[in-house]
>>> print(open('work-v8.txt').read())   # compact mmCIF, C-alpha atoms
# COMPACT_ATOMS: atom_id res chain seq x y z
CA MET A 1 -13.84 21.16 -10.14
CA GLY A 2 -10.76 22.12 -8.18
CA GLY A 3 -9.62 24.96 -5.97
CA ASN A 4 -9.65 27.30 -8.98
CA ASP A 5 -13.05 26.11 -10.24
CA VAL A 6 -15.35 27.41 -7.53
CA SER A 7 -18.37 29.49 -8.43
CA LYS A 8 -17.45 32.35 -10.75
CA MET A 9 -20.45 34.33 -9.54
CA GLU A 10 -19.77 35.69 -6.07
CA LYS A 11 -21.93 34.21 -3.34
CA VAL A 12 -23.29 36.68 -0.81
CA TYR A 13 -25.01 36.25 2.55
CA ASN A 14 -28.55 37.57 2.94
CA LEU A 15 -28.58 39.93 5.92
CA LYS A 16 -32.22 38.99 6.54
CA ASP A 17 -31.24 35.36 7.23
CA THR A 18 -31.29 35.19 11.02
CA THR A 19 -29.63 31.75 11.07
CA PHE A 20 -26.27 33.46 10.49
CA LYS A 21 -24.37 35.43 13.11
CA PHE A 22 -23.15 38.50 11.25
CA VAL A 23 -20.13 40.44 12.51
CA ASP A 24 -18.49 43.71 11.56
CA ARG A 25 -14.95 42.39 11.06
CA GLU A 26 -12.50 41.64 8.28
CA ASP A 27 -12.88 38.43 6.26
CA GLU A 28 -10.29 36.37 8.14
CA LEU A 29 -10.06 33.61 5.51
CA ASP A 30 -9.46 36.02 2.62
CA PHE A 31 -5.78 35.08 2.47
CA PHE A 32 -5.34 36.48 -1.06
CA TYR A 33 -7.01 39.82 -0.26
CA GLU A 34 -9.71 39.38 -2.88
CA GLY A 35 -12.04 41.71 -0.99
CA PHE A 36 -15.32 39.82 -1.32
CA ASP A 37 -18.43 42.02 -1.03
CA SER A 38 -20.51 39.72 1.16
CA PRO A 39 -21.29 40.59 4.77
CA ARG A 40 -19.13 38.65 7.25
CA ALA A 41 -20.54 35.79 9.30
CA GLU A 42 -18.97 34.03 12.26
CA MET A 43 -17.98 30.37 12.14
CA SER A 44 -18.31 28.07 15.17
CA CYS A 45 -14.63 28.71 15.90
CA GLY A 46 -15.28 32.46 16.19
CA HIS A 47 -13.56 33.61 12.99
CA ALA A 48 -15.27 35.77 10.38
CA VAL A 49 -15.72 34.52 6.82
CA THR A 50 -17.57 35.15 3.59
CA PRO A 51 -19.08 32.34 1.49
CA MET A 52 -16.37 32.74 -1.16
CA SER A 53 -13.37 32.80 1.20
CA LEU A 54 -14.69 29.74 3.03
CA THR A 55 -15.34 27.89 -0.23
CA ASN A 56 -11.86 28.72 -1.52
CA TRP A 57 -10.21 27.57 1.71
CA CYS A 58 -12.10 24.27 1.83
CA CYS A 59 -11.34 23.59 -1.85
CA LYS A 60 -7.67 24.16 -1.08
CA LEU A 61 -7.83 21.55 1.70
CA LEU A 62 -9.47 19.04 -0.64
CA ASP A 63 -6.90 19.72 -3.37
CA GLU A 64 -4.19 18.92 -0.80
CA GLY A 65 -5.79 15.53 -0.13
CA LYS A 66 -7.39 16.48 3.19
CA ASN A 67 -11.00 15.62 3.93
CA ARG A 68 -11.19 17.35 7.31
CA PHE A 69 -12.19 21.00 7.23
CA VAL A 70 -9.97 22.83 9.70
CA CYS A 71 -9.86 26.59 10.25
CA GLY A 72 -6.92 28.19 8.49
CA MET A 73 -6.25 30.83 11.12
CA THR A 74 -2.93 30.42 12.92
CA GLY A 75 -3.35 28.69 16.26
CA CYS A 76 -7.02 27.81 15.75
CA ASN A 77 -7.12 24.29 14.24
CA LYS A 78 -10.85 24.06 14.94
CA GLU A 79 -12.50 21.41 12.77
CA TRP A 80 -15.80 22.31 11.15
CA SER A 81 -18.43 19.74 10.24
CA TYR A 82 -19.31 19.27 6.59
CA GLU A 83 -22.83 20.45 7.41
CA GLU A 84 -21.46 23.72 8.78
CA VAL A 85 -19.29 24.19 5.70
CA CYS A 86 -22.27 23.58 3.39
CA LYS A 87 -24.34 26.19 5.21
CA MET A 88 -21.67 28.85 5.77
CA ALA A 89 -20.10 28.52 2.29
CA LEU A 90 -23.52 28.54 0.59
CA LEU A 91 -22.36 25.55 -1.44
CA THR A 92 -24.15 25.10 -4.75
CA PRO A 93 -25.39 21.63 -5.83
CA GLU A 94 -22.38 21.37 -8.17
CA GLU A 95 -19.98 22.30 -5.36
CA LYS A 96 -21.61 19.80 -3.00
CA GLU A 97 -21.19 17.06 -5.60
CA TYR A 98 -17.51 17.95 -6.00
CA PHE A 99 -16.92 18.11 -2.24
CA GLU A 100 -18.64 14.79 -1.51
CA THR A 101 -17.01 12.95 -4.42
CA THR A 102 -13.56 14.23 -3.46
CA MET A 103 -14.07 13.47 0.23
CA LYS A 104 -15.06 9.89 -0.61
CA PHE A 105 -12.04 9.47 -2.90
CA ILE A 106 -9.67 10.71 -0.18
CA ALA A 107 -11.29 8.49 2.46
CA ASP A 108 -11.12 5.41 0.21
CA ARG A 109 -7.47 6.12 -0.59
CA GLU A 110 -6.60 6.46 3.10
CA ARG A 111 -8.50 3.27 3.93
CA LEU A 112 -6.62 1.36 1.24
CA LYS A 113 -3.31 2.79 2.44
CA ASN A 114 -4.04 1.79 6.04
CA THR A 115 -5.09 -1.70 4.94
CA LYS A 116 -1.83 -2.18 3.05
CA LEU A 117 0.19 -0.93 6.02
CA LYS A 118 -1.65 -3.35 8.30
CA GLU A 119 -0.97 -6.24 5.92
CA GLU A 120 2.72 -5.31 5.74
CA HIS A 121 2.91 -5.46 9.53
CA THR A 122 1.12 -8.81 9.77
CA MET A 123 2.58 -10.66 6.78
CA VAL A 124 6.14 -11.62 5.90
CA ALA A 125 7.52 -12.95 2.63
CA GLN A 126 9.30 -16.31 2.66
CA GLY A 127 10.66 -16.67 -0.85
CA ASP A 128 7.61 -17.25 -3.05
CA VAL A 129 5.32 -17.92 -0.07
CA ILE A 130 3.62 -15.24 2.06
CA VAL A 131 3.08 -16.34 5.65
CA PRO A 132 1.57 -14.51 8.66
CA LEU A 133 3.66 -13.21 11.51
CA ARG A 134 3.20 -14.82 14.90
CA SER A 135 1.51 -12.67 17.54
CA SER A 136 4.89 -12.35 19.25
CA GLY A 137 6.18 -10.46 16.23
CA VAL A 138 8.60 -13.25 15.26
CA SER A 139 8.24 -14.46 11.67
CA HIS A 140 6.93 -17.99 11.26
CA ARG A 141 9.55 -20.21 9.63
CA PRO A 142 8.33 -22.43 6.80
CA VAL A 143 7.88 -26.08 7.76
CA VAL A 144 9.57 -27.35 4.60
CA GLN A 145 13.10 -26.28 3.81
CA VAL A 146 15.98 -27.46 1.67
CA LYS A 147 19.63 -27.41 2.54
CA VAL A 148 22.37 -26.74 0.03
CA LYS A 149 25.71 -28.26 0.93
CA SER A 150 28.47 -26.11 -0.52
CA TYR A 151 31.88 -27.28 -1.71
CA ASP A 152 33.42 -26.44 1.66
CA GLY A 153 30.80 -28.51 3.47
CA LEU A 154 28.70 -25.57 4.70
CA GLU A 155 24.98 -26.36 4.74
CA LEU A 156 22.76 -23.38 3.97
CA PRO A 157 18.99 -23.63 4.50
CA VAL A 158 16.66 -22.52 1.69
CA ASP A 159 13.06 -21.75 2.60
CA LEU A 160 10.61 -23.65 0.40
CA ALA A 161 7.13 -23.27 1.85
CA GLU A 162 5.06 -23.24 5.00
CA SER A 163 3.64 -26.69 4.36
CA GLU A 164 4.14 -29.75 2.19
CA ASP A 165 1.10 -28.77 0.12
CA ASP A 166 2.65 -25.37 -0.59
CA MET A 167 5.92 -27.07 -1.48
CA LYS A 168 4.19 -29.32 -4.03
CA ILE A 169 2.84 -26.40 -6.08
CA LEU A 170 6.25 -24.78 -6.51
CA THR A 171 7.65 -25.25 -10.00
CA LEU A 172 11.12 -26.58 -10.68
CA ARG A 173 12.03 -23.12 -11.99
CA GLN A 174 10.99 -21.53 -8.69
CA PHE A 175 12.97 -24.18 -6.84
CA LYS A 176 16.09 -23.42 -8.88
CA ASP A 177 15.59 -19.69 -8.35
CA LYS A 178 15.57 -20.24 -4.60
CA ILE A 179 18.87 -22.09 -4.84
CA GLN A 180 20.43 -19.37 -6.99
CA ARG A 181 19.24 -16.62 -4.61
CA LEU A 182 21.30 -17.99 -1.75
CA PRO A 183 23.80 -15.37 -0.55
CA GLY A 184 27.01 -15.83 -2.48
CA ASN A 185 25.42 -18.44 -4.77
CA PRO A 186 27.28 -21.35 -3.07
CA ALA A 187 25.60 -23.96 -5.31
CA GLN A 188 27.02 -22.24 -8.42
CA MET A 189 24.33 -23.58 -10.74
CA THR A 190 25.06 -23.20 -14.45
CA SER A 191 23.32 -24.09 -17.70
CA GLU A 192 25.02 -27.49 -17.45
CA THR A 193 23.58 -28.21 -14.01
CA THR A 194 20.88 -30.86 -13.76
CA LEU A 195 18.91 -31.96 -10.71
CA THR A 196 17.99 -35.61 -10.22
CA TYR A 197 15.69 -37.30 -7.75
CA ALA A 198 15.38 -41.04 -7.14
CA GLY A 199 17.48 -41.66 -10.23
CA LYS A 200 15.21 -39.54 -12.44
CA ARG A 201 16.20 -36.36 -14.20
CA LEU A 202 14.26 -33.19 -13.30
CA ASP A 203 14.37 -31.43 -16.65
CA SER A 204 11.06 -29.56 -17.06
CA ASP A 205 11.11 -26.18 -15.34
CA SER A 206 7.33 -25.80 -15.69
CA LYS A 207 6.53 -28.98 -13.75
CA THR A 208 5.78 -28.71 -10.05
CA LEU A 209 7.70 -30.44 -7.30
CA GLY A 210 4.52 -32.38 -6.58
CA GLU A 211 4.48 -33.72 -10.14
CA TYR A 212 8.03 -34.95 -9.62
CA GLY A 213 6.91 -36.71 -6.43
CA LEU A 214 9.21 -34.74 -4.14
CA LYS A 215 8.49 -34.99 -0.44
CA PRO A 216 10.01 -33.47 2.67
CA LYS A 217 13.36 -35.02 3.54
CA ALA A 218 13.87 -36.16 -0.05
CA LEU A 219 17.44 -36.25 -1.35
CA ILE A 220 18.02 -34.31 -4.54
CA GLN A 221 21.30 -34.70 -6.37
CA MET A 222 22.96 -31.92 -8.31
CA VAL A 223 24.90 -33.16 -11.33
CA VAL A 224 26.59 -31.64 -14.37
CA THR A 225 25.57 -32.77 -17.82
CA VAL A 226 28.53 -34.12 -19.83
CA HIS A 227 28.80 -36.03 -23.07
CA GLY A 228 27.57 -39.55 -22.48
CA GLY A 229 25.64 -38.88 -19.27
CA PHE A 230 25.94 -37.13 -15.88
CA ARG A 231 28.86 -36.37 -13.63
CA ASP A 232 28.22 -35.82 -9.92
CA ARG A 233 29.47 -32.68 -8.31
CA ASP A 234 30.48 -32.39 -4.70
CA THR A 235 27.30 -30.46 -3.94
CA THR A 236 24.07 -32.21 -2.99
CA ILE A 237 20.70 -30.85 -1.96
CA THR A 238 18.67 -32.40 0.80
CA SER A 239 15.31 -31.21 2.05
CA SER A 240 14.20 -31.33 5.64
CA SER A 241 11.40 -30.16 7.84
>>> encode(input="work-v8.txt", output="structure tokens")
Amino acid sequence: MGGNDVSKMEKVYNLKDTTFKFVDREDELDFFYEGFDSPRAEMSCGHAVTPMSLTNWCCKLLDEGKNRFVCGMTGCNKEWSYEEVCKMALLTPEEKEYFETTMKFIADRERLKNTKLKEEHTMVAQGDVIVPLRSSGVSHRPVVQVKVKSYDGLELPVDLAESEDDMKILTLRQFKDKIQRLPGNPAQMTSETTLTYAGKRLDSDSKTLGEYGLKPKALIQMVVTVHGGFRDRDTTITSSS
């Protein structure tokens, strides 16, 4: 049910129902001049409505993703309770089900949106690791980093992880990606580039740094594969805390 799916049969107030305050005024929520036949009753905000005009207006609010029922008269902005809307709009069981289901959907969506916004304000990405922001608002630097020494001798830090344990679960592929994502790609890794550690070749991208036995402050050598073995380049990688 949507804004165009309200009751086809016109709902009409019973003048004998003394729980309504009837008034002799125009239907102030009949924005499309549909001329509903029902007597007019006064809302808590003081404006006159019919069950159909009120139902149509509240359905419009729900269709717009709003779950607060606010008077549509210019300058009013009075919020009605759901209980008042049910009574004054003479909502049918089907309409109540639609209203309550839609209100819950909108509320859940807003709650999820607010949760995501809160997480975005309290978390910061550090490469492949998500770490919380400090209460001061300054991002927490990972404990374990690597430094890439470029050809001109410039050492650029590469964030690895917040802790040694987090560093150990990074794969060699993730490690290489971090090197290649350095601004300007100073390491200039190619398909011929090989990393070695403690004299051993790191050649399986799916293995983790922990499986290779890497530790903070380890020295990792970047070499180029050539026929007959390796040739060192002028670039080395060292990790530090």
>>> closest_residue(input="work-v8.txt", among="A:Lys96, A:Leu202, A:Cys71, A:Glu110", to="A:Glu83", atoms="all atoms listed in the file")
A:Lys96
>>> atom_distance(input="work-v8.txt", atom1="atom CA of A:Pro216", atom2="atom CA of A:Ser191")
26.1 Å
>>> atom_distance(input="work-v8.txt", atom1="atom CA of A:Asn67", atom2="atom CA of A:Met103")
5.3 Å
>>> closest_residue(input="work-v8.txt", among="A:Asp177, A:Ser81, A:Met73, A:Val49", to="A:Gly35", atoms="all atoms listed in the file")
A:Val49
>>> atom_distance(input="work-v8.txt", atom1="atom CA of A:Asp165", atom2="atom CA of A:Glu211")
11.9 Å
>>> closest_residue(input="work-v8.txt", among="A:Thr190, A:Asp166, A:Ser44, A:Leu29", to="A:Trp80", atoms="all atoms listed in the file")
A:Ser44
>>> closest_residue(input="work-v8.txt", among="A:Met9, A:Leu54, A:Ala48, A:Ile220", to="A:Tyr82", atoms="all atoms listed in the file")
A:Leu54
>>> closest_residue(input="work-v8.txt", among="A:Lys176, A:Arg68, A:Lys60, A:Lys11", to="A:Phe31", atoms="all atoms listed in the file")
A:Lys60
